[in-house]
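First up is the structure itself, then whatever we jot down about it.
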There are 2 protein chains.
Amino acid sequence: MPSDRSTLIPALKNIATRLRIDSIKSTSEAGSGHPTSCASAADVMAALFFAEMRFDPHNPRHPGSDRFVLSKGHAAPILYAAWAEAGAFDRAELLKLRRLDSDLEGHPTPRLPFVDVATGSLGQGICAAIGTALNARRIKSDYRTYVLLGDGESAEGSVWEAADVAAMDKLDSLCGITDVNGLGQSRPTMWEHDMEQFARRWRAFGWHAIVIDGHDMGAILDALDEARRTKGQPTMILARTIKGKGVSSVEGHQGWHGKAFKKGEELDRALAELEKQFVPVPEGGPAANLAGQIPKPPSKPRGVDNPKPVAPPAYALGDQVATREAYGTALAKLAEADPRVVALDADVKNSTFSDRFEKAFPDRFYQNFIAEQVMVGAAMGLAARGAIPFPSTFACFLSRAADFIRMAAISNVNIKLAGSHAGISIGEDGPSQMALEDLAMCRAEPNFTVLYPSDAVSAERLVAAAASHAGPAYIRTSRPKTPVIYSNDEAFPIGGLKVVRSSADDVATVVGAGITVFEALKAYDRLKGEGTSVRVIDLYSVAPVDREGLIAAGRATGGRVITVEDHYAAGGIGDAVAEAVAGAGITVHRLAVREIPRSGKPEELLDRFGISANHIAETVKQLVQARSTKSEFRPLGADF
Amino acid sequence: MPSDRSTLIPALKNIATRLRIDSIKSTSEAGSGHPTSCASAADVMAALFFAEMRFDPHNPRHPGSDRFVLSKGHAAPILYAAWAEAGAFDRAELLKLRRLDSDLEGHPTPRLPFVDVATGSLGQGICAAIGTALNARRIKSDYRTYVLLGDGESAEGSVWEAADVAAMDKLDSLCGITDVNGLGQSRPTMWEHDMEQFARRWRAFGWHAIVIDGHDMGAILDALDEARRTKGQPTMILARTIKGKGVSSVEGHQGWHGKAFKKGEELDRALAELEKQFVPVPEGGPAANLAGQIPKPPSKPRGVDNPKPVAPPAYALGDQVATREAYGTALAKLAEADPRVVALDADVKNSTFSDRFEKAFPDRFYQNFIAEQVMVGAAMGLAARGAIPFPSTFACFLSRAADFIRMAAISNVNIKLAGSHAGISIGEDGPSQMALEDLAMCRAEPNFTVLYPSDAVSAERLVAAAASHAGPAYIRTSRPKTPVIYSNDEAFPIGGLKVVRSSADDVATVVGAGITVFEALKAYDRLKGEGTSVRVIDLYSVAPVDREGLIAAGRATGGRVITVEDHYAAGGIGDAVAEAVAGAGITVHRLAVREIPRSGKPEELLDRFGISANHIAETVKQLVQARSTKSEFRPLGADF
């Protein structure tokens with residue numbers, strides 16, 4: 001990289017001008033987008049990509065490459081322009097922005113090889129950047145992570161979760177830049193250009209903060225240099241900028257957020273003004289071809305070892321073990337077998353049993369304290385760089401990170417969420433601690449695998465299956481102890497189910513999962529004693545679901561299928577089974593929690609809220625009765 | 001209130017001791033709970049309830065009463081003990097803690113008249129407290145709001161969203177107290193007893209911060225006094241405390257979070273130690289009966305006017321109006337009619353059109369900048385105090401507040417969420433801006449009303465219906481303009497549907513909502529041209545759903561029901577309709593978005609992702625064909 005500032009700075013200024021031109025042209029061609037939010041960041045982007053970062057434009061996923069996360073994802077056009085300028089692809093592609101036939105989407109997604117995680121939901125990129133920075137430590141690489149934030153974005157609480165975690169972890173390989181252009185979407189931002197407001201917050205949170213003029217190229221280079229030399233804490237560069245910089249008619253004007261220049265005179269005038277901003281650069285001088293001089297990443301970092309087989313479960317049938325505890329055991333075994341596996345906690349490791357992982361591999365265990373958004377966001381960044389992260393907390397508190405989970409699905413990252421204490425079966429702690437929407441949340445995402453073990457053996461097997469599966473997954477575990485019902489060598493393929501009771505005389509199929517498998521088994525015993533046989537299914541794989549297996553069971557049992565779940569009625573197991581068997585014309589009768597629950601003993605609550613063995617047995621009886629009398633059936637307690 | 005500190009302080013100390021004893025007794029009786037987290041807060045609680053707050057123990061919902069929010073909800077037992085001490089109910093009730101037959105749940109819920117919003121998901125109470133403080137302004141009351149936080153809780157980003165908003169709004173009626181006991185659930189907190197870490201953060205965020213010894217009663221009283229006298233900014237009292245204070249065997253010990261003392265020797269020893277901590281109070285002195293001396297709230301604040309009728313919609317059939325725009329129009333009309341209606345924004349008011357409300361009633365419009373958690377949390381607090389809040393943003397970003405929505409359901413507060421830009425029909429901005437899980441999120445909550453208008457008339461009517469309905473509601477609106485199809489006097493009762501096309505010859509029912517109603521109408525026209533009639537339903541009320549109406553349509557159309565929705569397949573309209581008609585033995589064929597979408601033009605995306613008129617028409621034809629040949633049917637593009 002040329003160190004002669006007198007030639008470097010004009011060359012970078014010209015790149016910034018080209019990035020502005022490209023951002024404006026591409027958004028005008030698309031007819032929508034955020035050119036003014038690109039223009040404010042152009043100088044910072046030019047400096048980062050062409051005088052600071054080490055990367056290979058033709059191999060953006062190189063494991064030792066510096067990372068750049070565009071947390072202000074709506075500035076996507078300038079990200080694309082920078083990569084085109086670096087030679088990653090033909091500049092002409094930029095004009096396909098936002099088209100169905102192009103991967104240059106309105107906001108960045110990992111369909112593009114140079115994007116680690118999808119951004120566009122503000123306040124998430126900085127959380128992912130913590131993950132990529134932690135990953136550098138994991139693989140013993142000295143790559144650095146840069147993240148560009150908007151000023152409006154800094155109102156998101158997740159930014160301050162990230163600020164705490166990065167400072168606590170002393171992530172000096174992380175450098176944030178906040179593009180303080182003072183204007184939000186609908187009005188000026190909270191602090192406009194009062195740079196001290198930003199500086200005092202970041203300093204209070206333990207960061208090294210540097211305030212600069214974000215259009216002064218020398219100041220930008222100095223700040224990046226200072227950040228690189230700052231040890232023991234992350235750095236936030238607070239760049240005072242002008243929204244729309246370079247086009248005088250829109251500079252600092254409200255009403256120009258997310259608005260493309262109209263093709264024709266409006267666009268032409270803007271481009272003409274920018275063209276005049278090119279400055280002379282000494283020909284053939286050291287800064288003549290900055291793209292060609294981008295420093296390549298250092299040789300590949302020390303590879304992590306290949307995974308070994310995971311130690312199998314070691315339980316005796318009938319052992320009383322909570323699935324959350326088996327999760328912890330499985331996680332520690334998995335960590336032993338596969339160095340890519342890492343775990344993240346939000347100060348509940350002694351409840352989720354992820355402390356077993358920490359005890360065995362403290363270096364791969366990341367504590368986030370009570371901050372679920374940064375926990376999931378950091379996991380996304382880790383996953384994007386080759387780790388297999390298991391962030392775990394109470395299942396209900398994963399909803400705190402629902403928007404991150406949505407973006408994890410869009411990113412299709414290899415993240416393994418684990419939620420414990422699902423459902424009303426937690427008992428006395430009451431509704432605030434009961435996850436009753438988590439299956440709906442994760443099933444909604446079309447690429448999520450959703451697993452729900454009932455006993456310790458299935459829990460261990462499903463944790464291993466989730467780790468082996470490529471793509472986002474969710475594992476739901478329960479608080480109460482349940483008996484081991486499977487032998488240690490039982491296999492639990494994703495997309496399968498277990499028929500745990502079956503005979504030729506079964507009059508109905510009862511589909512349970514997790515804790516309700518045991519209610520179904522109790523109902524089975526009671527009905528059996530009365531001379532009635534039912535088939536019992538353990539639907540351990542909620543998504544994908546074993547359609548054929550469910551239809552076969554439904555057909556073999558007179559088309560009578562009952563689901564029972566420790567979850568609200570909408571979006572969970574009943575819906576999953578109903579859709580699966582709809583093609584076969586089978587309708588499903590659903591037992592689920594249908595009102596806001598309350599504190600009580602687990603067994604009291606299962607009965608009070610309609611998902612106990614008692615309710616299952618009564619529903620079976622009514623269903624058989626109804627069919628025999630051809631009357632319309634309404635399950636017990638169900639409020640359609 | 002006695003001003004003689006020499007008698008007040010020993011009396012308060014004795015109350016604190018009683019609160020500790022009650023918290024320990026009740027959790028031991030329950031066999032679970034958080035006595036040590038109560039013990040650290042006991043002195044602060046005694047001072048707040050018996051020397052600071054103005055309230056009526058027998059009328060806790062008095063509109064002029066000071067508010068107390070227990071953000072660290074796991075300390076519920078000491079909240080209950082304080083209200084019992086104040087005389088709100090018999091102290092013997094405390095021993096029913098966590099029982100199914102008691103409203104004294106594991107974490108506080110508004111089943112109790114002295115609880116405004118449910119807490120227990122950390123970092124939410126302070127957001128709700130902003131709402132109660134804003135409400136004091138709204139009703140021109142001088143009541144104050146106090147909120148007790150945990151130190152571990154301060155890692156939640158939502159706390160810092162609240163910090164920004166409260167400072168920006170200069171909420172000097174808001175006083176936070178952080179119980180810095182230094183211990184989290186599983187380990188010491190991030191900053192343990194380094195009080196400066198807390199103080200510098202709160203000061204950086206614009207609060208008046210006071211650091212005290214949280215067991216020094218005089219210091220607590222001084223700090224509360226200083227907070228009350230602080231104008232123009234909120235105050236945070238940072239109280240250094242000892243977890244388990246008062247019981248030497250557990251004071252400051254790890255491993256005692258969320259653990260009750262075992263009945264028998266362990267409990268007896270703890271109680272004996274506490275009993276010894278009672279101090280002499282001059283008998284008959286001014287502090288002898290602090291509970292009896294709690295200052296009542298001042299006379300009722302100026303009541304707000306009664307609501308007037310809302311101005312009806314005023315459109316012409318065929319007008320092209322986006323439902324999001326009609327939402328903004330309706331909101332402004334509603335504000336005119338009902339002074340209880342308030343609106344909250346997260347810097348997208350020009351996209352959701354809530355800026356129309358702001359223009360008309362700026363005093364009842366609360367800007368939160370890009371911070372969805374505090375927006376929804378503050379709305380919960382406002383709703384708890386009698387306002388009818390409409391927080392609105394892009395529907396996808398409501399998922400940022402999913403955990404708040406979960407707690408809003410538990411609280412059963414009268415909150416009206418509005419999400420715009422639903423689904424792939426937003427087009428070029430891409431998946432990060434597309435809400436495709438929002439119906440699943442809100443439908444999952446059993447007490448949520450979910451409304452989804454298709455045109456401007458239904459949008460206006462449904463906004464008014466949501467405001468009139470008591471309880472949480474969600475309104476989903478779309479980005480594209482759609483034609484007005486209803487006359488201005490059409491009624492849209494919650495729980496209804498509209499049959500928009502119908503004949504005696506209909507071969508199938510197509511159920512759409514929002515944007516897909518128009519795809520269904522296009523399919524209707526195409527099929528009609530080919531001699532096939534279908535029934536078209538606009539399912540504007542997604543929850544509750546009109547079960548009878550759907551079954552009637554299904555039965556009238558050969559049992560063929562097709563749903564089409566701009567939402568992922570799980571948890572949305574398909575599932576809602578399928579469950580509704582299951583009791584009648586009707587299965588449903590679902591068209592929905594079944595993979596992660598991408599940028600493109602709206603009409604391209606509707607077709608690419610399987611929910612266009614083309615897909616509807618083809619599905620109808622295949623379904624009719626399949627039934628006539630009795631083969632098993634699989635809808636076009638559906639991946640079961």
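Residue numbering restarts at 1 in every chain; chains get A, B, ... in the order shown in the structure tokens, and ligands count up from 1 in that same order.
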
So which residues touch Ala582 in chain B within 12 Å, counting only C-alpha atoms, skipping near sequence neighbours fewer than 5 positions away, as a PDB file with N, CA, C and O atoms, in the first residue's frame?
```
ATOM      1  N   ARG A 560     -57.782 -40.945  12.506  1.00  0.00           N
ATOM      2  CA  ARG A 560     -57.872 -40.167  13.752  1.00  0.00           C
ATOM      3  C   ARG A 560     -56.465 -39.808  14.238  1.00  0.00           C
ATOM      4  O   ARG A 560     -55.711 -40.676  14.661  1.00  0.00           O
ATOM      5  N   VAL A 561     -56.142 -38.543  14.140  1.00  0.00           N
ATOM      6  CA  VAL A 561     -54.819 -38.072  14.573  1.00  0.00           C
ATOM      7  C   VAL A 561     -55.010 -36.967  15.598  1.00  0.00           C
ATOM      8  O   VAL A 561     -55.726 -35.995  15.353  1.00  0.00           O
ATOM      9  N   ILE A 562     -54.395 -37.139  16.753  1.00  0.00           N
ATOM     10  CA  ILE A 562     -54.450 -36.138  17.837  1.00  0.00           C
ATOM     11  C   ILE A 562     -53.027 -35.656  18.092  1.00  0.00           C
ATOM     12  O   ILE A 562     -52.114 -36.461  18.250  1.00  0.00           O
ATOM     13  N   GLY A 574     -49.235 -29.064  16.222  1.00  0.00           N
ATOM     14  CA  GLY A 574     -50.546 -29.320  15.605  1.00  0.00           C
ATOM     15  C   GLY A 574     -50.583 -28.805  14.181  1.00  0.00           C
ATOM     16  O   GLY A 574     -51.023 -29.507  13.252  1.00  0.00           O
ATOM     17  N   ASP A 575     -50.118 -27.595  13.978  1.00  0.00           N
ATOM     18  CA  ASP A 575     -50.099 -27.026  12.633  1.00  0.00           C
ATOM     19  C   ASP A 575     -49.161 -27.803  11.716  1.00  0.00           C
ATOM     20  O   ASP A 575     -49.464 -28.025  10.538  1.00  0.00           O
ATOM     21  N   ALA A 578     -50.859 -31.067  10.900  1.00  0.00           N
ATOM     22  CA  ALA A 578     -52.054 -30.833  10.070  1.00  0.00           C
ATOM     23  C   ALA A 578     -51.664 -30.549   8.628  1.00  0.00           C
ATOM     24  O   ALA A 578     -52.275 -31.080   7.694  1.00  0.00           O
ATOM     25  N   GLU A 579     -50.657 -29.728   8.429  1.00  0.00           N
ATOM     26  CA  GLU A 579     -50.268 -29.460   7.044  1.00  0.00           C
ATOM     27  C   GLU A 579     -49.690 -30.715   6.390  1.00  0.00           C
ATOM     28  O   GLU A 579     -49.952 -31.000   5.223  1.00  0.00           O
ATOM     29  N   VAL A 581     -50.401 -33.835   6.825  1.00  0.00           N
ATOM     30  CA  VAL A 581     -51.357 -34.880   6.452  1.00  0.00           C
ATOM     31  C   VAL A 581     -52.529 -34.343   5.629  1.00  0.00           C
ATOM     32  O   VAL A 581     -53.396 -35.118   5.212  1.00  0.00           O
ATOM     33  N   ALA A 582     -52.538 -33.019   5.381  1.00  0.00           N
ATOM     34  CA  ALA A 582     -53.664 -32.422   4.658  1.00  0.00           C
ATOM     35  C   ALA A 582     -53.803 -33.019   3.266  1.00  0.00           C
ATOM     36  O   ALA A 582     -54.915 -33.283   2.796  1.00  0.00           O
ATOM     37  N   GLY A 585     -55.921 -35.850   3.043  1.00  0.00           N
ATOM     38  CA  GLY A 585     -57.310 -35.638   3.459  1.00  0.00           C
ATOM     39  C   GLY A 585     -57.568 -35.925   4.929  1.00  0.00           C
ATOM     40  O   GLY A 585     -58.713 -36.062   5.342  1.00  0.00           O
ATOM     41  N   ILE A 586     -56.527 -36.013   5.716  1.00  0.00           N
ATOM     42  CA  ILE A 586     -56.698 -36.287   7.147  1.00  0.00           C
ATOM     43  C   ILE A 586     -56.752 -34.969   7.913  1.00  0.00           C
ATOM     44  O   ILE A 586     -55.922 -34.086   7.697  1.00  0.00           O
ATOM     45  N   THR A 587     -57.750 -34.831   8.803  1.00  0.00           N
ATOM     46  CA  THR A 587     -57.786 -33.649   9.665  1.00  0.00           C
ATOM     47  C   THR A 587     -57.251 -34.041  11.043  1.00  0.00           C
ATOM     48  O   THR A 587     -57.325 -35.198  11.447  1.00  0.00           O
ATOM     49  N   VAL A 588     -56.741 -33.053  11.741  1.00  0.00           N
ATOM     50  CA  VAL A 588     -56.012 -33.292  12.990  1.00  0.00           C
ATOM     51  C   VAL A 588     -56.728 -32.625  14.149  1.00  0.00           C
ATOM     52  O   VAL A 588     -57.231 -31.507  14.013  1.00  0.00           O
ATOM     53  N   HIS A 589     -56.776 -33.297  15.267  1.00  0.00           N
ATOM     54  CA  HIS A 589     -57.381 -32.762  16.479  1.00  0.00           C
ATOM     55  C   HIS A 589     -56.275 -32.369  17.430  1.00  0.00           C
ATOM     56  O   HIS A 589     -55.419 -33.176  17.749  1.00  0.00           O
ATOM     57  N   ARG A 590     -56.298 -31.136  17.870  1.00  0.00           N
ATOM     58  CA  ARG A 590     -55.129 -30.551  18.525  1.00  0.00           C
ATOM     59  C   ARG A 590     -55.360 -30.248  19.989  1.00  0.00           C
ATOM     60  O   ARG A 590     -56.296 -29.534  20.341  1.00  0.00           O
ATOM     61  N   GLU A 632     -70.319 -34.365  14.253  1.00  0.00           N
ATOM     62  CA  GLU A 632     -69.139 -33.510  14.174  1.00  0.00           C
ATOM     63  C   GLU A 632     -68.416 -33.508  15.516  1.00  0.00           C
ATOM     64  O   GLU A 632     -69.040 -33.457  16.565  1.00  0.00           O
ATOM     65  N   PHE A 633     -67.107 -33.535  15.445  1.00  0.00           N
ATOM     66  CA  PHE A 633     -66.317 -33.690  16.659  1.00  0.00           C
ATOM     67  C   PHE A 633     -65.640 -32.375  17.050  1.00  0.00           C
ATOM     68  O   PHE A 633     -65.094 -31.689  16.221  1.00  0.00           O
ATOM     69  N   ARG A 634     -65.728 -32.061  18.338  1.00  0.00           N
ATOM     70  CA  ARG A 634     -64.920 -30.941  18.840  1.00  0.00           C
ATOM     71  C   ARG A 634     -64.122 -31.433  20.032  1.00  0.00           C
ATOM     72  O   ARG A 634     -64.686 -31.843  21.032  1.00  0.00           O
ATOM     73  N   PRO A 635     -62.804 -31.399  19.945  1.00  0.00           N
ATOM     74  CA  PRO A 635     -62.001 -31.942  21.040  1.00  0.00           C
ATOM     75  C   PRO A 635     -62.263 -31.214  22.356  1.00  0.00           C
ATOM     76  O   PRO A 635     -62.602 -30.023  22.369  1.00  0.00           O
ATOM     77  N   ALA A 638     -61.023 -27.587  23.462  1.00  0.00           N
ATOM     78  CA  ALA A 638     -60.483 -26.810  22.346  1.00  0.00           C
ATOM     79  C   ALA A 638     -61.470 -25.717  21.966  1.00  0.00           C
ATOM     80  O   ALA A 638     -62.660 -25.970  21.828  1.00  0.00           O
ATOM     81  N   PHE A 640     -62.243 -23.589  19.143  1.00  0.00           N
ATOM     82  CA  PHE A 640     -61.936 -23.264  17.740  1.00  0.00           C
ATOM     83  C   PHE A 640     -62.421 -21.864  17.405  1.00  0.00           C
ATOM     84  O   PHE A 640     -63.553 -21.536  17.651  1.00  0.00           O
TER      85      PHE A 640
ATOM     86  N   ARG B 547     -64.930 -19.087  12.064  1.00  0.00           N
ATOM     87  CA  ARG B 547     -64.965 -20.522  11.813  1.00  0.00           C
ATOM     88  C   ARG B 547     -66.215 -20.907  11.012  1.00  0.00           C
ATOM     89  O   ARG B 547     -66.132 -21.610  10.010  1.00  0.00           O
ATOM     90  N   GLU B 548     -67.364 -20.421  11.455  1.00  0.00           N
ATOM     91  CA  GLU B 548     -68.613 -20.806  10.796  1.00  0.00           C
ATOM     92  C   GLU B 548     -68.617 -20.333   9.345  1.00  0.00           C
ATOM     93  O   GLU B 548     -69.044 -21.065   8.449  1.00  0.00           O
ATOM     94  N   LEU B 550     -66.111 -19.816   7.371  1.00  0.00           N
ATOM     95  CA  LEU B 550     -65.179 -20.597   6.562  1.00  0.00           C
ATOM     96  C   LEU B 550     -65.741 -21.987   6.269  1.00  0.00           C
ATOM     97  O   LEU B 550     -65.635 -22.487   5.151  1.00  0.00           O
ATOM     98  N   ILE B 551     -66.328 -22.595   7.296  1.00  0.00           N
ATOM     99  CA  ILE B 551     -66.886 -23.940   7.088  1.00  0.00           C
ATOM    100  C   ILE B 551     -68.041 -23.877   6.074  1.00  0.00           C
ATOM    101  O   ILE B 551     -68.144 -24.718   5.176  1.00  0.00           O
ATOM    102  N   GLY B 554     -66.562 -23.547   2.685  1.00  0.00           N
ATOM    103  CA  GLY B 554     -65.928 -24.804   2.296  1.00  0.00           C
ATOM    104  C   GLY B 554     -66.969 -25.833   1.893  1.00  0.00           C
ATOM    105  O   GLY B 554     -66.829 -26.508   0.857  1.00  0.00           O
ATOM    106  N   GLY B 559     -65.926 -28.704  -0.479  1.00  0.00           N
ATOM    107  CA  GLY B 559     -64.864 -28.995   0.491  1.00  0.00           C
ATOM    108  C   GLY B 559     -63.491 -28.556   0.009  1.00  0.00           C
ATOM    109  O   GLY B 559     -62.477 -28.890   0.617  1.00  0.00           O
ATOM    110  N   VAL B 561     -60.884 -25.844  -0.244  1.00  0.00           N
ATOM    111  CA  VAL B 561     -60.499 -24.546   0.314  1.00  0.00           C
ATOM    112  C   VAL B 561     -59.014 -24.320   0.038  1.00  0.00           C
ATOM    113  O   VAL B 561     -58.180 -25.159   0.357  1.00  0.00           O
ATOM    114  N   GLY B 574     -52.968 -19.919   6.375  1.00  0.00           N
ATOM    115  CA  GLY B 574     -53.247 -21.315   6.053  1.00  0.00           C
ATOM    116  C   GLY B 574     -53.498 -22.121   7.310  1.00  0.00           C
ATOM    117  O   GLY B 574     -54.478 -22.879   7.401  1.00  0.00           O
ATOM    118  N   ASP B 575     -52.630 -21.946   8.290  1.00  0.00           N
ATOM    119  CA  ASP B 575     -52.800 -22.680   9.547  1.00  0.00           C
ATOM    120  C   ASP B 575     -54.070 -22.242  10.274  1.00  0.00           C
ATOM    121  O   ASP B 575     -54.781 -23.068  10.855  1.00  0.00           O
ATOM    122  N   ALA B 576     -54.356 -20.953  10.238  1.00  0.00           N
ATOM    123  CA  ALA B 576     -55.555 -20.453  10.931  1.00  0.00           C
ATOM    124  C   ALA B 576     -56.820 -21.056  10.322  1.00  0.00           C
ATOM    125  O   ALA B 576     -57.717 -21.511  11.035  1.00  0.00           O
ATOM    126  N   VAL B 577     -56.868 -21.059   8.995  1.00  0.00           N
ATOM    127  CA  VAL B 577     -58.050 -21.591   8.315  1.00  0.00           C
ATOM    128  C   VAL B 577     -58.126 -23.104   8.504  1.00  0.00           C
ATOM    129  O   VAL B 577     -59.193 -23.669   8.762  1.00  0.00           O
ATOM    130  N   THR B 587     -60.012 -30.316   4.673  1.00  0.00           N
ATOM    131  CA  THR B 587     -58.576 -30.020   4.635  1.00  0.00           C
ATOM    132  C   THR B 587     -58.337 -28.843   3.712  1.00  0.00           C
ATOM    133  O   THR B 587     -59.123 -28.562   2.812  1.00  0.00           O
ATOM    134  N   VAL B 588     -57.236 -28.172   3.952  1.00  0.00           N
ATOM    135  CA  VAL B 588     -56.965 -26.895   3.296  1.00  0.00           C
ATOM    136  C   VAL B 588     -55.701 -27.010   2.449  1.00  0.00           C
ATOM    137  O   VAL B 588     -54.736 -27.635   2.866  1.00  0.00           O
TER     138      VAL B 588
END
```

Interface residues on chain A facing chain B, 6 Å, only C-alpha atoms, written as number ranges by chain: A: 98-100, 105-106, 120, 155-158, 160-161, 186, 200-201, 204, 347-348, 350, 370-371, 399-400, 402-403, 428-430, 432, 437, 444, 446, 570-571, 575, 580, 582-583, 585, 587, 594-595, 599-600, 633, 640

For the selection just defined, write its residues with C-alpha atoms to a file, as a PDB file, in the first residue's frame.
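part_14.pdb, written as the output of this step:
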```pdb
ATOM      1  CA  ARG A  98     -32.311  -4.899  -6.952  1.00  0.00           C
ATOM      2  CA  ARG A  99     -33.291  -7.016  -9.958  1.00  0.00           C
ATOM      3  CA  LEU A 100     -34.685 -10.506  -9.561  1.00  0.00           C
ATOM      4  CA  GLU A 105     -30.107  -7.197  -3.596  1.00  0.00           C
ATOM      5  CA  GLY A 106     -31.576  -4.140  -1.928  1.00  0.00           C
ATOM      6  CA  GLY A 120     -30.680  -4.441   6.693  1.00  0.00           C
ATOM      7  CA  ALA A 155     -30.386   3.834  19.068  1.00  0.00           C
ATOM      8  CA  GLU A 156     -30.844   0.053  18.834  1.00  0.00           C
ATOM      9  CA  GLY A 157     -30.202  -1.631  22.157  1.00  0.00           C
ATOM     10  CA  SER A 158     -28.381  -4.445  20.425  1.00  0.00           C
ATOM     11  CA  TRP A 160     -24.993  -1.438  23.288  1.00  0.00           C
ATOM     12  CA  GLU A 161     -25.141  -5.134  24.050  1.00  0.00           C
ATOM     13  CA  SER A 186     -38.021  10.431   8.756  1.00  0.00           C
ATOM     14  CA  ARG A 200     -19.050   9.753  25.663  1.00  0.00           C
ATOM     15  CA  ARG A 201     -21.316   6.724  25.211  1.00  0.00           C
ATOM     16  CA  ALA A 204     -18.376   4.857  28.911  1.00  0.00           C
ATOM     17  CA  ASP A 347     -25.901 -16.037  32.139  1.00  0.00           C
ATOM     18  CA  VAL A 348     -28.041 -19.162  32.431  1.00  0.00           C
ATOM     19  CA  ASN A 350     -26.217 -23.551  35.051  1.00  0.00           C
ATOM     20  CA  ILE A 370     -28.052 -11.203  29.960  1.00  0.00           C
ATOM     21  CA  ALA A 371     -28.004 -10.018  26.353  1.00  0.00           C
ATOM     22  CA  SER A 399     -37.702 -14.498  21.415  1.00  0.00           C
ATOM     23  CA  ARG A 400     -35.614 -11.502  22.532  1.00  0.00           C
ATOM     24  CA  ALA A 402     -36.405 -13.112  17.137  1.00  0.00           C
ATOM     25  CA  ASP A 403     -35.306 -10.523  14.605  1.00  0.00           C
ATOM     26  CA  GLU A 428     -43.953 -22.362  39.398  1.00  0.00           C
ATOM     27  CA  ASP A 429     -41.867 -19.654  37.723  1.00  0.00           C
ATOM     28  CA  GLY A 430     -44.938 -18.663  35.733  1.00  0.00           C
ATOM     29  CA  SER A 432     -42.847 -15.006  31.774  1.00  0.00           C
ATOM     30  CA  GLU A 437     -44.246 -19.477  20.922  1.00  0.00           C
ATOM     31  CA  ALA A 444     -41.935 -20.057  10.427  1.00  0.00           C
ATOM     32  CA  PRO A 446     -38.477 -22.040   5.854  1.00  0.00           C
ATOM     33  CA  ALA A 570     -50.819 -21.646  16.645  1.00  0.00           C
ATOM     34  CA  GLY A 571     -47.659 -22.408  14.720  1.00  0.00           C
ATOM     35  CA  ASP A 575     -50.099 -27.026  12.633  1.00  0.00           C
ATOM     36  CA  ALA A 580     -48.281 -32.663   6.578  1.00  0.00           C
ATOM     37  CA  ALA A 582     -53.664 -32.422   4.658  1.00  0.00           C
ATOM     38  CA  GLY A 583     -52.694 -33.807   1.261  1.00  0.00           C
ATOM     39  CA  GLY A 585     -57.310 -35.638   3.459  1.00  0.00           C
ATOM     40  CA  THR A 587     -57.786 -33.649   9.665  1.00  0.00           C
ATOM     41  CA  ARG A 594     -55.019 -22.087  24.551  1.00  0.00           C
ATOM     42  CA  GLU A 595     -54.845 -19.340  27.160  1.00  0.00           C
ATOM     43  CA  SER A 599     -47.780 -20.416  38.114  1.00  0.00           C
ATOM     44  CA  GLY A 600     -48.407 -23.850  39.565  1.00  0.00           C
ATOM     45  CA  PHE A 633     -66.317 -33.690  16.659  1.00  0.00           C
ATOM     46  CA  PHE A 640     -61.936 -23.264  17.740  1.00  0.00           C
TER      47      PHE A 640
END
```

Backbone-only DSSP, strand (DSSP E or B) members of range 388-497 of chain B, as a list in words: Ile388, Pro389, Phe390, Pro391, Ser392, Thr393, Phe394, Lys416, Leu417, Ala418, Gly419, Ser420, Ala422, Ala435, Thr449, Val450, Leu451, Ala473, Tyr474, Ile475, Arg476, Lys481, Thr482 and Pro483 of chain B

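Shortest separation to Cys38 in chain B among B:Thr241, B:Arg5, B:Gly64, B:Asp142 occurs at residue B:Thr241, atoms counted being only C-alpha atoms.
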
Option closest in space to Arg356 in chain A, from A:Leu19, A:Leu334, A:Cys127, A:Val115 [counting only C-alpha atoms]: A:Leu334

Interatomic distance (Å, one decimal) between CA of Val117 in chain B and CA of His469 in chain B: 18.8 Å

Contacts of Val564 in chain A at 10 Å (only C-alpha atoms; same-chain gap of 4+ positions) as a list in words: Val510, Val511, Gly512, Ala513, Ile515, Thr516, Val517, Glu519, Ala520, Ala569, Gly572, Ile573, Gly574, His589, Arg590, Leu591, Ala592, Val593, Gly610, Ile611, Ser612, Ala613, His615 and Ile616 of chain A

Pick from B:Asp116, B:Glu85, B:Asp506, B:Asp319, whichever lies nearest to Thr557 in chain B using only C-alpha atoms: B:Asp506
